[in-house]
Amino acid sequence: MSKFYLTTAIDYSNGDPHLGHALEKVGADCIARYRRLRGDQVHFVMGMDEHSHSVLQAAAKAGVPPQEWVDRMASRFADFWDRLGCTNDDWIRTTEARHFRSVTELLQRIQQLHPDDLYVSEYEGLYCTGCEEFKQESQIVDGHCIEHPTLELVPTRERNHFFRLSRHGDSILELITSGKLRVEPAIRRNEVVRLIESGLQDISVSRLRQPWGIPFPGDAEQTVYVWFDALINYVSATGFPAPGYERLWPAQLHVIGKGITRFHCVIWPAMLLAAQLELPKEVWAHGYVQWEGTKMSKTAGTAVTLDEAIDRHGPDALRYFLLREVGFESDGNFTWERFDERYTSDLADGFGNLVSRTLAMMTKYREGAVPADCGDDSQLDDAGRAALQQYSRAMDALDLRGGAEAVWSLVSAANLFVQQTAPWSLAKSGQAGELDRVLGALARALGRLAVISSPFIPGKAQALWQDLGMEGNVSASKWEAAESPSVAGRSTRRPSILFPKPAVV
RNA sequence: GGCAGGGUAGCUCAGCUGGUUAGAGCACGGCACUCAUAAUGCCGGGGUCGCGGGUUCGAGUCCCGCCCCUGCUACCA
């Protein structure tokens, strides 16, 4: 049994969560559930990023104190993740005392172990009084901020603490190219490698007189820059610096969005090297959810709310659609039309109807008792074992779409099996032995399906599990339950409709 | 501008180091069956594989050029 410490990006507390956040959380949860199934000791952490100026602004706009604001946001986010069935073991927030302690300690370690990695310098830039932040060249047009073209940019110098990122490029490049730090998918790895090869600049890691943040150790005037602060949450959640944090650290996997690859694959490893802590084993950067084929901007985010998406067909259906259709690798599209199509064909007519017809026959022909002692050598069992192989190969590689495809390949195989064996004919002609074999094979297929579909549709998988007469929670099952489902002799019940079809869609 | 990835049936995508009539799922049309949420199974229509050259006995599959899309391009969770 091996340890599997898994994290998602912590979310920024300045607005409601949307489909993009949901994809990441659901994807990570699917991985967590799969690893548990394989017997790993999973520790799954999600949380909130609650510092920085824009949080203050959002709080001010809402007319509440910042702490009250972030408390409110944190519970909103957590509530959504709970509704979507996320099974995180911890919930870290950067305003927590444990995180303050951890950030302070990590910086002090760098100060002690590599004092040269931190130095004070002047940061020079053009400051926009409208945005209240420094602007990069790309954000400036005709000498003015894109957002506030009527305001003059103010050349400003600020004394800051800098981190000597430039010193760590070679080491990180070596770690990534040697595979000690895996960056996936490959397109993300290429980007990072190119970035490092082109040379790294030092970065400022503190801000002057920003009240909403963590004090920089040894300099009361400065607070830790929000990025530096936020990344450290991954070790804070392990209990660092208290003894025993190594039971969790290093992380096996950081799940993030593709937009923040650089921070996780360059800056974060450098910070850890400087503090002489171990590095995470892998970073997976997923793509974005597009809405009707276009970028889901914050302003256009009103097009669909997470509430609507969950209410449409329930949380399991949304999980399934995000992971199967949108995908966890490149960008994917979300439309109501496709969502409805997937729901109807894959979930209602495919998975749901298979369960319905199978359990109905079990009730009708065998009074709900799964035939015992009928072996496991049917054609459908072969298909089941092949599906398991395809499934585990995909899931091990974090190919969640491929995993879902494997599950549904077994759904198809089972539907075909029913058609070919025609249990109703066997019943009519009184071939009891053959009917037993067929129904037994179908019950085993449903058992396998309940187990391997549970990372995707945990709620419905559990309903199926119970309808099959199995005890306990399917999500607590181990892999053996999929390899050799112990369904023989169980009392099934006439199923509820797993995925009801709306009267009119 | 530079770098990277991609453009294959209406939609989402497979097509490893080039090899007979280019595939899957969904959607669409017909047939079969009746256990089932009028579900399922079978058959079928449908593609100049972005465009133009080239290499080769033979190219979505390799080379060159062009067009279009997406991402990264440093302090945007």
# chains A, B, ... in the order shown; residues from 1 in each chain; ligands from 1
>>> residues_around(residues="Gly433 (chain A)", least_positions_apart="5", cutoff="12 Å", atoms="only C-alpha atoms (C1' of nucleotides)", output="PyMOL selection string")
chain A and resi 366+371-375+423+426-427+438-440
>>> write_last_selection(atoms="N, CA, C and O atoms", output="PDB file, in the first residue's frame")
ATOM      1  N   ARG A 366     -35.924 -14.971 -11.563  1.00  0.00           N
ATOM      2  CA  ARG A 366     -35.268 -15.638 -10.431  1.00  0.00           C
ATOM      3  C   ARG A 366     -35.646 -15.024  -9.096  1.00  0.00           C
ATOM      4  O   ARG A 366     -34.938 -15.179  -8.112  1.00  0.00           O
ATOM      5  N   PRO A 371     -28.061 -16.135  -9.400  1.00  0.00           N
ATOM      6  CA  PRO A 371     -27.697 -17.552  -9.421  1.00  0.00           C
ATOM      7  C   PRO A 371     -26.295 -17.762  -8.836  1.00  0.00           C
ATOM      8  O   PRO A 371     -25.393 -16.976  -9.093  1.00  0.00           O
ATOM      9  N   ALA A 372     -26.151 -18.815  -8.051  1.00  0.00           N
ATOM     10  CA  ALA A 372     -24.843 -19.121  -7.471  1.00  0.00           C
ATOM     11  C   ALA A 372     -24.149 -20.195  -8.312  1.00  0.00           C
ATOM     12  O   ALA A 372     -24.776 -20.878  -9.105  1.00  0.00           O
ATOM     13  N   ASP A 373     -22.863 -20.288  -8.116  1.00  0.00           N
ATOM     14  CA  ASP A 373     -22.065 -21.348  -8.753  1.00  0.00           C
ATOM     15  C   ASP A 373     -22.262 -21.450 -10.248  1.00  0.00           C
ATOM     16  O   ASP A 373     -22.528 -22.527 -10.781  1.00  0.00           O
ATOM     17  N   CYS A 374     -22.150 -20.344 -10.934  1.00  0.00           N
ATOM     18  CA  CYS A 374     -22.285 -20.444 -12.381  1.00  0.00           C
ATOM     19  C   CYS A 374     -21.000 -20.006 -13.074  1.00  0.00           C
ATOM     20  O   CYS A 374     -20.996 -19.626 -14.225  1.00  0.00           O
ATOM     21  N   GLY A 375     -19.891 -20.037 -12.350  1.00  0.00           N
ATOM     22  CA  GLY A 375     -18.602 -19.763 -12.977  1.00  0.00           C
ATOM     23  C   GLY A 375     -18.415 -18.299 -13.330  1.00  0.00           C
ATOM     24  O   GLY A 375     -19.199 -17.450 -12.929  1.00  0.00           O
ATOM     25  N   PRO A 423     -32.323 -13.855 -22.801  1.00  0.00           N
ATOM     26  CA  PRO A 423     -32.785 -14.561 -21.599  1.00  0.00           C
ATOM     27  C   PRO A 423     -34.289 -14.846 -21.636  1.00  0.00           C
ATOM     28  O   PRO A 423     -34.729 -15.877 -21.103  1.00  0.00           O
ATOM     29  N   LEU A 426     -34.776 -18.084 -23.251  1.00  0.00           N
ATOM     30  CA  LEU A 426     -34.339 -19.180 -22.377  1.00  0.00           C
ATOM     31  C   LEU A 426     -35.404 -19.459 -21.329  1.00  0.00           C
ATOM     32  O   LEU A 426     -35.675 -20.611 -20.982  1.00  0.00           O
ATOM     33  N   ALA A 427     -36.019 -18.402 -20.827  1.00  0.00           N
ATOM     34  CA  ALA A 427     -37.058 -18.560 -19.804  1.00  0.00           C
ATOM     35  C   ALA A 427     -38.270 -19.287 -20.382  1.00  0.00           C
ATOM     36  O   ALA A 427     -38.823 -20.196 -19.771  1.00  0.00           O
ATOM     37  N   VAL A 438     -26.410 -17.032 -17.808  1.00  0.00           N
ATOM     38  CA  VAL A 438     -26.530 -15.702 -18.414  1.00  0.00           C
ATOM     39  C   VAL A 438     -26.781 -14.628 -17.357  1.00  0.00           C
ATOM     40  O   VAL A 438     -26.113 -13.581 -17.327  1.00  0.00           O
ATOM     41  N   LEU A 439     -27.717 -14.906 -16.461  1.00  0.00           N
ATOM     42  CA  LEU A 439     -28.034 -13.901 -15.440  1.00  0.00           C
ATOM     43  C   LEU A 439     -26.863 -13.707 -14.489  1.00  0.00           C
ATOM     44  O   LEU A 439     -26.592 -12.582 -14.039  1.00  0.00           O
ATOM     45  N   GLY A 440     -26.157 -14.777 -14.213  1.00  0.00           N
ATOM     46  CA  GLY A 440     -24.981 -14.670 -13.350  1.00  0.00           C
ATOM     47  C   GLY A 440     -23.922 -13.787 -13.986  1.00  0.00           C
ATOM     48  O   GLY A 440     -23.334 -12.918 -13.332  1.00  0.00           O
TER      49      GLY A 440
END
>>> residues_around(residues="G71 (chain B)", least_positions_apart="2", cutoff="12 Å", atoms="only C-alpha atoms (C1' of nucleotides)", output="list in words")
Ile187, Arg188, Asn190, Glu191, Lys258, Gly259, Thr261, Gly287, Tyr288, Ser330 and Asp331 of chain A; C3, A4, G5, G6, C69 and U73 of chain B
>>> interface_residues(of="chain B", to="chain A", cutoff="7 Å", atoms="only C-alpha atoms (C1' of nucleotides)", output="CSV table (one decimal) with N, CA and C atoms (P, O5', C5', C4', C3', O3' and C1' of nucleotides), in the first residue's frame")
chain,number,residue,atom,x,y,z
B,4,A,P,9.3,24.9,-32.1
B,4,A,O5',8.0,24.5,-31.2
B,4,A,C5',8.2,23.8,-30.0
B,4,A,C4',6.8,23.6,-29.3
B,4,A,C3',5.8,22.9,-30.1
B,4,A,O3',6.0,21.5,-30.1
B,4,A,C1',4.8,24.8,-29.1
B,5,G,P,5.5,20.6,-31.3
B,5,G,O5',3.9,20.6,-31.2
B,5,G,C5',3.3,19.9,-30.1
B,5,G,C4',1.8,20.2,-30.0
B,5,G,C3',1.0,19.8,-31.3
B,5,G,O3',0.7,18.4,-31.3
B,5,G,C1',0.4,22.0,-30.5
B,35,C,P,-40.6,-10.0,-22.9
B,35,C,O5',-39.6,-9.3,-21.9
B,35,C,C5',-39.4,-9.7,-20.6
B,35,C,C4',-38.2,-9.0,-19.9
B,35,C,C3',-38.3,-7.5,-20.1
B,35,C,O3',-39.1,-7.0,-19.0
B,35,C,C1',-36.1,-8.2,-20.6
B,36,A,P,-40.0,-5.7,-19.3
B,36,A,O5',-38.8,-4.6,-19.2
B,36,A,C5',-38.1,-4.3,-18.0
B,36,A,C4',-37.1,-3.2,-18.3
B,36,A,C3',-37.6,-1.9,-18.9
B,36,A,O3',-37.9,-1.0,-17.8
B,36,A,C1',-35.8,-2.7,-20.2
B,37,U,P,-39.1,-0.1,-17.8
B,37,U,O5',-38.4,1.3,-18.2
B,37,U,C5',-39.2,2.4,-18.4
B,37,U,C4',-38.3,3.5,-19.1
B,37,U,C3',-37.6,3.1,-20.4
B,37,U,O3',-38.3,3.6,-21.5
B,37,U,C1',-36.2,4.4,-18.9
B,39,A,P,-36.1,6.0,-26.4
B,39,A,O5',-35.0,5.3,-25.6
B,39,A,C5',-34.3,4.2,-26.1
B,39,A,C4',-33.9,3.3,-25.0
B,39,A,C3',-32.9,2.2,-25.4
B,39,A,O3',-31.6,2.6,-25.3
B,39,A,C1',-34.7,1.2,-24.3
B,40,U,P,-30.6,2.5,-26.6
B,40,U,O5',-30.3,1.0,-26.7
B,40,U,C5',-29.8,0.2,-25.6
B,40,U,C4',-29.8,-1.2,-25.9
B,40,U,C3',-29.2,-1.7,-27.2
B,40,U,O3',-27.8,-1.8,-27.1
B,40,U,C1',-31.3,-2.6,-27.1
B,41,G,P,-26.9,-1.6,-28.3
B,41,G,O5',-27.2,-2.8,-29.3
B,41,G,C5',-26.8,-4.2,-29.0
B,41,G,C4',-27.3,-5.1,-30.0
B,41,G,C3',-26.9,-4.8,-31.4
B,41,G,O3',-25.6,-5.3,-31.7
B,41,G,C1',-29.2,-5.2,-31.4
B,72,C,P,-2.0,30.7,-22.3
B,72,C,O5',-0.4,30.6,-22.4
B,72,C,C5',0.3,29.6,-21.6
B,72,C,C4',1.7,29.6,-21.9
B,72,C,C3',2.5,30.9,-21.9
B,72,C,O3',2.8,31.3,-20.6
B,72,C,C1',3.0,29.8,-23.9
B,75,C,P,5.0,39.6,-15.6
B,75,C,O5',4.1,39.5,-14.4
B,75,C,C5',3.3,38.4,-14.2
B,75,C,C4',3.5,37.9,-12.8
B,75,C,C3',3.1,38.9,-11.7
B,75,C,O3',1.7,38.7,-11.4
B,75,C,C1',5.2,38.0,-11.2
B,77,A,P,-3.2,35.5,-9.8
B,77,A,O5',-4.5,34.7,-9.4
B,77,A,C5',-5.5,34.4,-10.4
B,77,A,C4',-6.1,33.1,-9.8
B,77,A,C3',-6.4,33.1,-8.3
B,77,A,O3',-7.7,33.6,-8.0
B,77,A,C1',-5.2,31.1,-9.0
>>> atom_distance(atom1="CA of Arg444 (chain A)", atom2="C1' of A32 (chain B)")
27.6 Å
>>> select_by_dssp(residues="region 21-267 of chain A", states="strand (DSSP E)", output="ChimeraX atom specification")
/A:41-49,90-93,118-128,133-135,140-141,144-145,154-163,182-184,203-204,206-208,215-216,219-224,253-257
